[in-house]
Amino acid sequence: MERKDFILSCGYACLGILGFSSLLQSCSLGSFVLSQVEENRLTLSKSFFVMTNTKGTTYKKYIITKAEGIQYPIVIYRKAEDNYNALLLRCSHQGAELTVNGDVMTCSAHGSEFGIHGDVLQGPAEDRLRSFAVQSDAQNIYIHLT
Ligand code: FES
């Protein structure tokens, strides 16, 4: 490869990286946060859902959290100010970790899909996802792990 071609390739690669990172930053569907288990529950600030820009305040549809001692991440969907649901991202078929794609959680192992309430949209899985009781107050969301 000649020097000119190399510099051109590097330029395209940098533009691609910049474009991809700005795409990630503008993603309004969800985000990932770390949390801690205390007294068998996770506490997450509601502020994790908040997105503020020049047009005002909007909310992420979901956040994904991972806590020490819990093998799989948990997704928390925000349906309204005080209405959340939390699901373990473990496929009910054979236990593979799920990925969240908006309103659908998908399993790359055999193709199962689940809805935001943990219901099976597509098999081979037959059982719902494990869900957790969720409470909230003015500042926080509490996910009860039992
Ligand atoms: S482990 Fe998820 S579909 Fe089989």
# chains A, B, ... in the order shown; residues from 1 in each chain; ligands from 1

$ residues_near_ligand --ligand "ligand 1" --cutoff "10 Å" --atoms "only C-alpha atoms and all ligand atoms" --output "list in words"
Arg90, Cys91, Ser92, His93, Gln94, Gly95, Ala96, Glu97, Leu98, Thr106, Cys107, Ser108, Ala109, His110, Gly111, Ser112, Glu113, Gln122, Gly123, Pro124, Ala125 and Glu126 of chain A

$ closest_residue --among "A:Lys55, A:Tyr77, A:Lys61, A:Glu68" --to "Glu38 in chain A" --atoms "only C-alpha atoms"
A:Glu68

$ residues_around --residues "Phe49 in chain A" --least-positions-apart "2" --cutoff "8 Å" --atoms "only C-alpha atoms" --output "ChimeraX atom specification"
/A:30,46-47,51,59-63,78

$ atom_distance --atom1 "CA of Gly69 in chain A" --atom2 "CA of Val37 in chain A"
8.0 Å

$ select_by_dssp --residues "range 14-141 of chain A" --states "helix (DSSP H, G or I)" --output "mmCIF file with C-alpha atoms, in the first residue's frame"
data_model
loop_
_atom_site.group_PDB
_atom_site.id
_atom_site.type_symbol
_atom_site.label_atom_id
_atom_site.label_comp_id
_atom_site.auth_asym_id
_atom_site.auth_seq_id
_atom_site.Cartn_x
_atom_site.Cartn_y
_atom_site.Cartn_z
ATOM 1 C CA CYS A 14 -11.355 7.998 11.666
ATOM 2 C CA LEU A 15 -14.516 9.354 10.033
ATOM 3 C CA GLY A 16 -16.198 6.009 10.587
ATOM 4 C CA ILE A 17 -15.237 5.949 14.252
ATOM 5 C CA LEU A 18 -16.455 9.525 14.772
ATOM 6 C CA GLY A 19 -19.732 8.758 13.041
ATOM 7 C CA PHE A 20 -20.282 5.592 15.065
ATOM 8 C CA SER A 21 -19.550 7.278 18.405
ATOM 9 C CA SER A 22 -21.928 10.160 17.656
ATOM 10 C CA LEU A 23 -24.559 7.592 16.691
ATOM 11 C CA LEU A 24 -24.112 5.895 20.063
ATOM 12 C CA GLN A 25 -24.341 9.198 21.931
ATOM 13 C CA LYS A 46 -34.739 7.690 38.069
ATOM 14 C CA SER A 47 -32.347 10.245 36.642
ATOM 15 C CA PHE A 48 -30.738 7.457 34.590
ATOM 16 C CA PHE A 49 -33.797 7.609 32.346
#

$ atom_distance --atom1 "CA of Val104 in chain A" --atom2 "CA of Tyr84 in chain A"
15.8 Å
